[in-house]
Amino acid sequence: MHREMIKAEIRMKGTTPTALAAKLKVTPNTVFEVIAGRTRSARIERAISTLIGKPVSAIWPDHAQAKGINRRLKPAASRRVAA
């Protein structure tokens, strides 16, 4: 979901991201960063999910995809070494 839609859903439930931040005892900026997808917090994501009645995977579908990525370093022989 786009961050503006997430914020609108929160407002339609009768609260604001800032009020949610106060309830969770975090800064409003932290909640806005999670909404925008720039940072992750399972606790804040679950709180938003519960509030708007949608699964976390529906709100941030790219998070679900990121879990399956296995990032491994290339073998040392294939890395470029600066001369």
# chains A, B, ... in the order shown; residues from 1 in each chain; ligands from 1
call {"tool": "residues_around", "arguments": {"residues": "region 51-59 of chain A", "least_positions_apart": "4", "cutoff": "7 Å", "atoms": "only C-alpha atoms", "output": "list in words"}}
result
Met1, Glu9, Ile10, Lys13, Glu45, Arg46, Ala47, His63 and Ala64 of chain A
call {"tool": "atom_distance", "arguments": {"atom1": "CA of Lys23 (chain A)", "atom2": "CA of Met5 (chain A)"}}
result
20.8 Å
call {"tool": "atom_distance", "arguments": {"atom1": "CA of Ser41 (chain A)", "atom2": "CA of Pro28 (chain A)"}}
result
13.3 Å
call {"tool": "residues_around", "arguments": {"residues": "Ile35 (chain A)", "least_positions_apart": "5", "cutoff": "10 Å", "atoms": "only C-alpha atoms", "output": "list of chain:residue names"}}
result
A:Met1, A:His2, A:Arg3, A:Glu4, A:Met5, A:Ile6, A:Lys7, A:Pro17, A:Asn29, A:Thr30, A:Arg40, A:Ser41, A:Ile44, A:Glu45, A:Ile48, A:Ile59, A:Trp60
call {"tool": "atom_distance", "arguments": {"atom1": "CA of Ala8 (chain A)", "atom2": "CA of Ala42 (chain A)"}}
result
20.5 Å
call {"tool": "select_by_dssp", "arguments": {"residues": "region 21-66 of chain A", "states": "helix (DSSP H, G or I)", "output": "count of residues only"}}
result
34
